[in-house]
file data01.cif (mmCIF, C-alpha atoms (C1' of nucleotides))
data_work
loop_
_atom_site.label_atom_id
_atom_site.label_comp_id
_atom_site.auth_asym_id
_atom_site.auth_seq_id
_atom_site.Cartn_x
_atom_site.Cartn_y
_atom_site.Cartn_z
CA MET A 1 0.00 0.00 0.00
CA LYS A 2 1.59 3.18 -1.16
CA THR A 3 1.59 6.09 1.27
CA GLU A 4 -0.48 8.23 -1.08
CA SER A 5 -3.44 5.90 -0.82
CA VAL A 6 -3.51 5.54 2.96
CA ILE A 7 -6.82 6.55 4.46
CA SER A 8 -7.64 7.43 8.08
CA VAL A 9 -9.77 5.07 10.13
CA GLN A 10 -12.32 7.83 10.60
CA ARG A 11 -12.57 8.55 6.90
CA ALA A 12 -12.64 4.85 6.02
CA THR A 13 -15.51 4.14 8.40
CA GLN A 14 -17.44 7.11 7.04
CA LEU A 15 -17.17 5.65 3.54
CA LEU A 16 -17.77 2.07 4.64
CA LYS A 17 -20.94 3.12 6.44
CA LEU A 18 -22.15 4.70 3.24
CA LEU A 19 -21.34 1.57 1.25
CA SER A 20 -22.75 -0.86 3.80
CA ASP A 21 -26.28 -0.48 2.55
CA PRO A 22 -27.23 -2.91 -0.28
CA THR A 23 -29.07 -0.27 -2.31
CA ARG A 24 -26.24 2.26 -2.14
CA LEU A 25 -23.55 -0.34 -2.78
CA SER A 26 -25.40 -1.59 -5.87
CA MET A 27 -25.93 1.98 -7.04
CA MET A 28 -22.22 2.67 -6.83
CA LYS A 29 -21.37 -0.51 -8.71
CA LEU A 30 -23.90 0.36 -11.40
CA LEU A 31 -22.69 3.94 -11.64
CA LYS A 32 -19.14 2.71 -12.09
CA SER A 33 -20.08 1.66 -15.63
CA HIS A 34 -23.33 3.53 -16.42
CA GLU A 35 -24.83 6.91 -15.78
CA CYS A 36 -28.34 6.56 -14.38
CA CYS A 37 -31.19 8.86 -13.54
CA VAL A 38 -33.41 8.61 -10.49
CA CYS A 39 -36.37 7.00 -12.20
CA GLU A 40 -34.13 4.22 -13.49
CA PHE A 41 -33.02 3.44 -9.96
CA VAL A 42 -36.64 3.46 -8.84
CA GLU A 43 -37.37 0.80 -11.46
CA ILE A 44 -34.21 -1.23 -10.83
CA PHE A 45 -34.55 -1.41 -7.06
CA GLN A 46 -38.37 -1.41 -7.01
CA MET A 47 -38.18 1.16 -4.29
CA SER A 48 -40.08 4.41 -3.74
CA GLN A 49 -38.76 7.59 -5.37
CA PRO A 50 -38.12 9.38 -2.05
CA ALA A 51 -36.19 6.37 -0.72
CA ILE A 52 -33.99 6.41 -3.84
CA SER A 53 -33.50 10.18 -3.63
CA GLN A 54 -32.45 9.90 -0.01
CA HIS A 55 -29.85 7.24 -0.80
CA LEU A 56 -28.51 9.39 -3.63
CA ARG A 57 -28.32 12.39 -1.36
CA LYS A 58 -26.11 10.50 1.05
CA LEU A 59 -23.77 9.51 -1.76
CA ARG A 60 -23.82 13.09 -3.04
CA ASP A 61 -23.14 14.57 0.41
CA LEU A 62 -19.80 12.77 0.47
CA GLU A 63 -19.28 13.63 -3.19
CA LEU A 64 -19.06 10.01 -4.25
CA VAL A 65 -21.48 10.81 -7.06
CA ARG A 66 -22.25 13.86 -9.15
CA GLU A 67 -25.59 14.98 -10.49
CA GLU A 68 -26.34 16.69 -13.76
CA ARG A 69 -29.71 17.85 -14.93
CA ARG A 70 -30.62 17.07 -18.51
CA GLY A 71 -34.01 18.49 -19.23
CA GLN A 72 -36.54 16.67 -17.14
CA TRP A 73 -34.11 14.20 -15.72
CA ILE A 74 -31.25 14.34 -13.29
CA PHE A 75 -28.45 11.97 -14.17
CA TYR A 76 -26.06 10.63 -11.60
CA SER A 77 -22.51 9.58 -12.33
CA ILE A 78 -19.70 8.22 -10.18
CA ASN A 79 -17.04 10.73 -9.17
CA LYS A 80 -13.76 9.11 -10.21
CA LYS A 81 -11.88 12.20 -9.05
CA HIS A 82 -12.98 11.69 -5.45
CA ILE A 83 -9.95 11.86 -3.18
CA ASP A 84 -10.71 8.37 -1.87
CA TYR A 85 -11.89 6.87 -5.14
CA VAL A 86 -9.12 4.28 -5.09
CA PHE A 87 -10.45 2.99 -1.78
CA VAL A 88 -14.04 2.90 -2.98
CA GLU A 89 -13.08 1.27 -6.26
CA SER A 90 -11.12 -1.46 -4.50
CA ILE A 91 -14.37 -2.43 -2.77
CA LEU A 92 -16.54 -2.24 -5.88
CA ASN A 93 -14.03 -4.39 -7.75
CA HIS A 94 -15.03 -7.36 -5.62
CA LEU A 95 -18.64 -7.21 -6.77
CA ALA A 96 -20.12 -8.88 -9.84
CA ASP A 97 -21.17 -6.37 -12.47
CA GLN A 98 -24.79 -5.30 -12.43
CA ASP A 99 -25.21 -5.05 -16.18
CA ASP A 100 -28.23 -7.33 -16.11
CA SER A 101 -30.13 -4.56 -14.29
CA ILE A 102 -29.43 -2.22 -17.19
CA GLN A 103 -30.33 -4.89 -19.73
CA LYS A 104 -33.68 -5.47 -18.02
CA LEU A 105 -34.32 -1.74 -18.16
CA GLU A 106 -33.57 -1.71 -21.87
CA ALA A 107 -35.81 -4.73 -22.42
CA LYS A 108 -38.69 -2.97 -20.69
CA GLY A 109 -38.04 0.17 -22.72
CA LEU A 110 -37.38 2.09 -19.53
CA ARG A 111 -33.81 3.08 -20.16
CA ILE A 112 -33.60 6.87 -20.37
CA ARG A 113 -31.51 8.28 -23.18
CA CYS A 114 -30.67 11.94 -23.45
CA GLU A 115 -28.87 13.13 -26.53
CA MET B 116 -11.31 -9.24 -10.51
CA LYS B 117 -11.14 -12.99 -10.78
CA THR B 118 -14.39 -14.90 -10.54
CA GLU B 119 -13.27 -16.75 -7.46
CA SER B 120 -13.09 -13.56 -5.44
CA VAL B 121 -16.48 -12.13 -6.42
CA ILE B 122 -18.69 -11.47 -3.44
CA SER B 123 -22.46 -10.92 -3.36
CA VAL B 124 -23.85 -7.49 -2.58
CA GLN B 125 -25.62 -8.92 0.44
CA ARG B 126 -22.49 -10.53 1.82
CA ALA B 127 -20.39 -7.46 1.07
CA THR B 128 -22.77 -5.14 2.92
CA GLN B 129 -22.83 -7.49 5.88
CA LEU B 130 -19.05 -7.29 6.11
CA LEU B 131 -18.89 -3.56 5.38
CA LYS B 132 -21.39 -2.89 8.15
CA LEU B 133 -19.17 -4.78 10.53
CA LEU B 134 -16.11 -2.82 9.42
CA SER B 135 -17.84 0.56 9.37
CA ASP B 136 -17.32 1.11 13.08
CA PRO B 137 -13.99 2.80 13.98
CA THR B 138 -13.33 0.53 16.94
CA ARG B 139 -13.94 -2.67 14.99
CA LEU B 140 -12.04 -1.49 11.93
CA SER B 141 -9.03 -0.59 14.08
CA MET B 142 -9.27 -3.90 15.89
CA MET B 143 -9.16 -5.77 12.59
CA LYS B 144 -6.18 -3.75 11.39
CA LEU B 145 -4.37 -4.40 14.66
CA LEU B 146 -5.23 -8.10 14.62
CA LYS B 147 -3.85 -8.36 11.10
CA SER B 148 -0.34 -8.11 12.59
CA HIS B 149 -0.75 -8.86 16.31
CA GLU B 150 -2.74 -11.17 18.50
CA CYS B 151 -4.44 -9.23 21.27
CA CYS B 152 -6.44 -10.04 24.37
CA VAL B 153 -9.51 -8.20 25.56
CA CYS B 154 -7.80 -6.20 28.28
CA GLU B 155 -5.31 -4.86 25.76
CA PHE B 156 -8.13 -3.56 23.61
CA VAL B 157 -9.72 -1.98 26.68
CA GLU B 158 -6.47 -0.09 27.26
CA ILE B 159 -5.86 0.80 23.61
CA PHE B 160 -9.33 2.13 22.91
CA GLN B 161 -9.95 3.52 26.41
CA MET B 162 -13.34 1.89 26.28
CA SER B 163 -15.28 -0.18 28.81
CA GLN B 164 -14.68 -3.93 28.90
CA PRO B 165 -18.28 -4.82 27.97
CA ALA B 166 -18.16 -2.44 25.00
CA ILE B 167 -14.98 -4.12 23.77
CA SER B 168 -16.41 -7.61 24.33
CA GLN B 169 -19.51 -6.70 22.36
CA HIS B 170 -17.46 -5.47 19.41
CA LEU B 171 -15.39 -8.65 19.49
CA ARG B 172 -18.51 -10.76 19.59
CA LYS B 173 -19.76 -9.17 16.39
CA LEU B 174 -16.47 -9.90 14.66
CA ARG B 175 -16.55 -13.43 16.06
CA ASP B 176 -20.15 -14.03 14.96
CA LEU B 177 -19.08 -13.59 11.33
CA GLU B 178 -15.90 -15.56 12.04
CA LEU B 179 -13.63 -12.70 11.09
CA VAL B 180 -11.68 -13.35 14.28
CA ARG B 181 -10.93 -16.40 16.38
CA GLU B 182 -10.58 -16.62 20.12
CA GLU B 183 -8.27 -18.79 22.12
CA ARG B 184 -8.11 -18.97 25.87
CA ARG B 185 -4.62 -18.96 27.42
CA GLY B 186 -4.95 -19.22 31.15
CA GLN B 187 -6.66 -16.15 32.45
CA TRP B 188 -6.73 -14.39 29.14
CA ILE B 189 -8.61 -14.84 25.91
CA PHE B 190 -6.55 -13.95 22.85
CA TYR B 191 -8.11 -12.88 19.62
CA SER B 192 -6.54 -13.37 16.22
CA ILE B 193 -7.62 -12.55 12.70
CA ASN B 194 -9.06 -15.43 10.66
CA LYS B 195 -7.04 -15.44 7.46
CA LYS B 196 -8.92 -18.54 6.32
CA HIS B 197 -12.22 -16.68 6.25
CA ILE B 198 -13.92 -17.25 2.92
CA ASP B 199 -14.04 -13.51 2.30
CA TYR B 200 -10.67 -12.67 3.80
CA VAL B 201 -9.39 -11.31 0.48
CA PHE B 202 -12.20 -8.78 0.50
CA VAL B 203 -11.59 -7.77 4.11
CA GLU B 204 -7.84 -7.57 3.60
CA SER B 205 -8.22 -5.33 0.57
CA ILE B 206 -9.96 -2.83 2.85
CA LEU B 207 -7.47 -3.12 5.70
CA ASN B 208 -4.63 -2.60 3.25
CA HIS B 209 -5.70 1.01 2.79
CA LEU B 210 -5.21 1.81 6.47
CA ALA B 211 -2.03 2.96 8.15
CA ASP B 212 -0.64 0.35 10.50
CA GLN B 213 -1.58 0.65 14.16
CA ASP B 214 1.74 -0.46 15.56
CA ASP B 215 2.02 2.66 17.69
CA SER B 216 -0.90 1.35 19.77
CA ILE B 217 1.06 -1.78 20.52
CA GLN B 218 4.22 0.21 21.25
CA LYS B 219 2.35 2.39 23.73
CA LEU B 220 1.08 -0.76 25.43
CA GLU B 221 4.62 -2.10 25.68
CA ALA B 222 5.84 1.24 27.03
CA LYS B 223 3.21 1.16 29.78
CA GLY B 224 4.10 -2.46 30.56
CA LEU B 225 0.54 -3.50 29.71
CA ARG B 226 1.30 -5.83 26.83
CA ILE B 227 0.21 -9.33 27.78
CA ARG B 228 2.61 -12.12 26.96
CA CYS B 229 1.73 -15.76 27.28
CA GLU B 230 4.45 -18.31 26.72
"C1'" DT C 231 -50.64 29.25 -19.12
"C1'" DG C 232 -51.80 24.78 -16.97
"C1'" DA C 233 -51.29 19.70 -16.61
"C1'" DG C 234 -48.16 16.16 -16.24
"C1'" DT C 235 -43.57 14.19 -15.11
"C1'" DA C 236 -39.19 13.96 -12.45
"C1'" DT C 237 -36.96 14.93 -8.41
"C1'" DA C 238 -36.03 16.73 -3.62
"C1'" DT C 239 -37.18 17.52 0.98
"C1'" DA C 240 -39.53 17.23 5.47
"C1'" DA C 241 -41.77 14.88 9.21
"C1'" DG C 242 -42.87 10.71 11.44
"C1'" DC C 243 -42.15 6.02 12.79
"C1'" DA C 244 -40.13 1.26 13.46
"C1'" DT C 245 -35.95 -0.90 13.95
"C1'" DA C 246 -30.88 -1.16 14.55
"C1'" DT C 247 -26.77 0.25 16.89
"C1'" DG C 248 -23.48 1.17 20.51
"C1'" DC C 249 -22.97 2.42 24.70
"C1'" DT C 250 -24.10 1.93 29.96
"C1'" DT C 251 -24.70 -0.72 34.43
"C1'" DA C 252 -25.37 -5.03 36.63
"C1'" DT C 253 -24.30 -9.60 36.88
"C1'" DA C 254 -22.53 -14.31 35.58
"C1'" DT C 255 -18.74 -17.35 34.39
"C1'" DA C 256 -13.96 -19.05 34.25
"C1'" DC C 257 -9.56 -19.04 35.64
"C1'" DT C 258 -5.41 -18.01 39.08
"C1'" DA C 259 -3.23 -17.86 43.23
"C1'" DA C 260 -3.04 -17.54 48.22
"C1'" DT D 261 -11.78 -22.80 49.56
"C1'" DT D 262 -11.81 -17.84 48.91
"C1'" DA D 263 -10.44 -13.41 46.79
"C1'" DG D 264 -9.09 -11.34 42.80
"C1'" DT D 265 -8.73 -10.88 37.73
"C1'" DA D 266 -10.44 -11.49 32.93
"C1'" DT D 267 -14.17 -12.00 30.11
"C1'" DA D 268 -19.09 -12.60 28.51
"C1'" DT D 269 -23.81 -11.62 28.63
"C1'" DA D 270 -28.20 -9.27 29.57
"C1'" DA D 271 -31.19 -5.36 30.01
"C1'" DG D 272 -31.97 -0.61 29.29
"C1'" DC D 273 -31.46 3.70 26.97
"C1'" DA D 274 -30.15 7.45 23.58
"C1'" DT D 275 -29.20 8.06 18.99
"C1'" DA D 276 -28.89 6.70 14.07
"C1'" DT D 277 -30.92 4.67 10.07
"C1'" DG D 278 -34.11 3.71 6.32
"C1'" DC D 279 -38.33 3.58 5.13
"C1'" DT D 280 -43.18 5.88 4.70
"C1'" DT D 281 -46.49 9.72 3.38
"C1'" DA D 282 -47.11 14.44 2.22
"C1'" DT D 283 -45.60 18.22 -0.12
"C1'" DA D 284 -42.51 21.47 -2.73
"C1'" DT D 285 -39.77 22.52 -6.78
"C1'" DA D 286 -38.28 22.33 -11.63
"C1'" DC D 287 -38.89 21.12 -16.05
"C1'" DT D 288 -41.75 19.79 -20.56
"C1'" DC D 289 -45.31 20.03 -23.64
"C1'" DA D 290 -49.83 21.06 -25.39
#

call {"tool": "encode", "arguments": {"input": "data01.cif", "output": "structure tokens"}}
result
Amino acid sequence: MKTESVISVQRATQLLKLLSDPTRLSMMKLLKSHECCVCEFVEIFQMSQPAISQHLRKLRDLELVREERRGQWIFYSINKKHIDYVFVESILNHLADQDDSIQKLEAKGLRIRCE
Amino acid sequence: MKTESVISVQRATQLLKLLSDPTRLSMMKLLKSHECCVCEFVEIFQMSQPAISQHLRKLRDLELVREERRGQWIFYSINKKHIDYVFVESILNHLADQDDSIQKLEAKGLRIRCE
DNA sequence: TGAGTATATAAGCATATGCTTATATACTAA
DNA sequence: TTAGTATATAAGCATATGCTTATATACTCA
């Protein structure tokens, strides 16, 4: 472990707490390879819109994700420039990809495209 | 990420939850290089003995640590054979070592030795 | 402009968490 | 055996967490 990537126990636990929820952890894994908007998460996790928004807010508060409005929708993306991204990524790397969630969205015609 | 080390979201969050407490995360980092008994943790973390025991029980319940009685003391060690040890280790590897805690114990003459 | 859609926020509630104090158990040593 | 030390467990309590429902805000489109 190179010195530059050492993280304090306090900071690590703050991030681990954030990632220790199944919905948020899956969101982060998904966002690692796809941008998603809120309504897509609502469909993927079959969870209420406020519940999804509240999870995203927690991720946003620590700047793990970024939001960008595109017309009606707000798209979320992972923040690869986060100072502790290496730490977060090393956790996400142990998870199976979640591409099937995206494929199901596409199949249902619920994938949002903004171009 | 090799297939053999993929971990389910559910399992990952269970472990992350366990590691998202500063006391438990530090304990795991310490145990990675030193065996410790309960009274040493009480001294290191300046925390009550029941609080320490309860943290250790949580780590033990998921078999992240093992206990071994030696006379009056019960020593805890990290379980490197844990099925998800690679995952846990990849998190601990981002933390600075906690050897100063052990050195302070030695300096105060509170390090327990059993031979 | 007004209706509909997407998202955020606030308040409330049930459950989980991490400590406390009190007590039980297991071992050591006189 | 008895006192002392080390550890575990149980019950209780304050706070944190993750949902719910209700509502506010921002945008689109007719």

call {"tool": "interface_residues", "arguments": {"input": "data01.cif", "of": "chain D", "to": "chain A", "cutoff": "8 Å", "atoms": "all atoms listed in the file", "output": "NGL selection string"}}
result
:D and (278-279 or 287-288)

call {"tool": "closest_residue", "arguments": {"input": "data01.cif", "among": "A:Leu15, A:Cys39, A:Gln10, A:Ser5", "to": "chain C", "atoms": "all atoms listed in the file"}}
result
A:Cys39

call {"tool": "resolve_selection", "arguments": {"input": "data01.cif", "expression": "the PyMOL selection byres ((chain C) within 8 of (chain B))", "output": "list of chain:residue names"}}
result
C:DG248, C:DC249, C:DC257, C:DT258

call {"tool": "closest_atom_pairs", "arguments": {"input": "data01.cif", "of": "chain B", "to": "chain A", "cutoff": "8 Å", "atoms": "only C-alpha atoms", "output": "Markdown table"}}
result
| residue | atom | partner | partner_atom | distance |
| --- | --- | --- | --- | --- |
| B:Met116 | CA | A:Asn93 | CA | 6.2 |
| B:Ser120 | CA | A:His94 | CA | 6.5 |
| B:Val121 | CA | A:His94 | CA | 5.0 |
| B:Ile122 | CA | A:Leu95 | CA | 5.4 |
| B:Ser123 | CA | A:Leu95 | CA | 6.3 |
| B:Val124 | CA | A:Pro22 | CA | 6.1 |
| B:Gln125 | CA | A:Pro22 | CA | 6.3 |
| B:Ala127 | CA | A:Ser20 | CA | 7.5 |
| B:Thr128 | CA | A:Ser20 | CA | 4.4 |
| B:Gln129 | CA | A:Ser20 | CA | 6.9 |
| B:Leu130 | CA | A:Ser20 | CA | 7.8 |
| B:Leu131 | CA | A:Ser20 | CA | 5.0 |
| B:Lys132 | CA | A:Ser20 | CA | 5.0 |
| B:Leu134 | CA | A:Leu16 | CA | 7.0 |
| B:Ser135 | CA | A:Thr13 | CA | 4.4 |
| B:Asp136 | CA | A:Thr13 | CA | 5.9 |
| B:Pro137 | CA | A:Thr13 | CA | 5.9 |
| B:Leu140 | CA | A:Val9 | CA | 7.2 |
| B:Ser141 | CA | A:Val9 | CA | 6.9 |
| B:Phe202 | CA | A:His94 | CA | 6.9 |
| B:Ser205 | CA | A:Ser90 | CA | 7.0 |
| B:Ile206 | CA | A:Ile91 | CA | 7.2 |
| B:Asn208 | CA | A:Met1 | CA | 6.2 |
| B:His209 | CA | A:Val6 | CA | 5.0 |
| B:Leu210 | CA | A:Ile7 | CA | 5.4 |
| B:Ala211 | CA | A:Val6 | CA | 6.0 |

call {"tool": "write_last_selection", "arguments": {"input": "data01.cif", "atoms": "C-alpha atoms", "output": "PDB file, in the coordinates of the input"}}
result
ATOM      1  CA  MET B 116     -11.310  -9.240 -10.510  1.00  0.00           C
ATOM      2  CA  SER B 120     -13.090 -13.560  -5.440  1.00  0.00           C
ATOM      3  CA  VAL B 121     -16.480 -12.130  -6.420  1.00  0.00           C
ATOM      4  CA  ILE B 122     -18.690 -11.470  -3.440  1.00  0.00           C
ATOM      5  CA  SER B 123     -22.460 -10.920  -3.360  1.00  0.00           C
ATOM      6  CA  VAL B 124     -23.850  -7.490  -2.580  1.00  0.00           C
ATOM      7  CA  GLN B 125     -25.620  -8.920   0.440  1.00  0.00           C
ATOM      8  CA  ALA B 127     -20.390  -7.460   1.070  1.00  0.00           C
ATOM      9  CA  THR B 128     -22.770  -5.140   2.920  1.00  0.00           C
ATOM     10  CA  GLN B 129     -22.830  -7.490   5.880  1.00  0.00           C
ATOM     11  CA  LEU B 130     -19.050  -7.290   6.110  1.00  0.00           C
ATOM     12  CA  LEU B 131     -18.890  -3.560   5.380  1.00  0.00           C
ATOM     13  CA  LYS B 132     -21.390  -2.890   8.150  1.00  0.00           C
ATOM     14  CA  LEU B 134     -16.110  -2.820   9.420  1.00  0.00           C
ATOM     15  CA  SER B 135     -17.840   0.560   9.370  1.00  0.00           C
ATOM     16  CA  ASP B 136     -17.320   1.110  13.080  1.00  0.00           C
ATOM     17  CA  PRO B 137     -13.990   2.800  13.980  1.00  0.00           C
ATOM     18  CA  LEU B 140     -12.040  -1.490  11.930  1.00  0.00           C
ATOM     19  CA  SER B 141      -9.030  -0.590  14.080  1.00  0.00           C
ATOM     20  CA  PHE B 202     -12.200  -8.780   0.500  1.00  0.00           C
ATOM     21  CA  SER B 205      -8.220  -5.330   0.570  1.00  0.00           C
ATOM     22  CA  ILE B 206      -9.960  -2.830   2.850  1.00  0.00           C
ATOM     23  CA  ASN B 208      -4.630  -2.600   3.250  1.00  0.00           C
ATOM     24  CA  HIS B 209      -5.700   1.010   2.790  1.00  0.00           C
ATOM     25  CA  LEU B 210      -5.210   1.810   6.470  1.00  0.00           C
ATOM     26  CA  ALA B 211      -2.030   2.960   8.150  1.00  0.00           C
TER      27      ALA B 211
END

call {"tool": "resolve_selection", "arguments": {"input": "data01.cif", "expression": "the PyMOL selection byres ((chain B and resi 195) around 12)", "output": "list in words"}}
result
Met143, Leu146, Lys147, Ser148, Glu178, Leu179, Val180, Arg181, Ser192, Ile193, Asn194, Lys196, His197, Ile198, Asp199, Tyr200, Val201, Phe202, Val203 and Glu204 of chain B

call {"tool": "atom_distance", "arguments": {"input": "data01.cif", "atom1": "atom CA of B:Glu150", "atom2": "atom CA of B:Glu221"}}
result
13.7 Å

call {"tool": "resolve_selection", "arguments": {"input": "data01.cif", "expression": "the PyMOL selection byres ((chain D and resi 285) around 8)", "output": "PyMOL selection string"}}
result
(chain C and resi 238) or (chain D and resi 284+286)

call {"tool": "write_last_selection", "arguments": {"input": "data01.cif", "atoms": "C-alpha atoms (C1' of nucleotides)", "output": "mmCIF file, keeping the file's coordinate frame"}}
result
data_model
loop_
_atom_site.group_PDB
_atom_site.id
_atom_site.type_symbol
_atom_site.label_atom_id
_atom_site.label_comp_id
_atom_site.auth_asym_id
_atom_site.auth_seq_id
_atom_site.Cartn_x
_atom_site.Cartn_y
_atom_site.Cartn_z
ATOM 1 C "C1'" DA C 238 -36.030 16.730 -3.620
ATOM 2 C "C1'" DA D 284 -42.510 21.470 -2.730
ATOM 3 C "C1'" DA D 286 -38.280 22.330 -11.630
#

call {"tool": "atom_distance", "arguments": {"input": "data01.cif", "atom1": "atom C1' of C:DT255", "atom2": "atom CA of B:Leu220"}}
result
27.4 Å

call {"tool": "atom_distance", "arguments": {"input": "data01.cif", "atom1": "atom CA of B:Gln161", "atom2": "atom C1' of D:DT277"}}
result
26.6 Å

call {"tool": "closest_residue", "arguments": {"input": "data01.cif", "among": "D:DA276, D:DA282, D:DC289, D:DA268", "to": "C:DT253", "atoms": "all atoms listed in the file"}}
result
D:DA268

call {"tool": "residues_around", "arguments": {"input": "data01.cif", "residues": "B:Glu155", "least_positions_apart": "5", "cutoff": "8 Å", "atoms": "only C-alpha atoms (C1' of nucleotides)", "output": "ChimeraX atom specification"}}
result
/B:220,225-227

call {"tool": "closest_residue", "arguments": {"input": "data01.cif", "among": "A:Asp99, A:Arg57, A:Met27, A:Glu67", "to": "C:DT239", "atoms": "all atoms listed in the file"}}
result
A:Arg57

call {"tool": "axis_aligned_box", "arguments": {"input": "data01.cif", "around": "stretch 55-67 of chain A", "padding_each_side": "4 Å", "output": "AutoDock Vina command-line options"}}
result
--center_x -24.5 --center_y 11.1 --center_z -4.7 --size_x 18.8 --size_y 15.7 --size_z 19.5

call {"tool": "residues_near_point", "arguments": {"input": "data01.cif", "point": "(-51.1, 18.1, -17.7)", "cutoff": "9 Å", "atoms": "only C-alpha atoms (C1' of nucleotides)", "output": "PyMOL selection string"}}
result
(chain C and resi 232-235) or (chain D and resi 289-290)
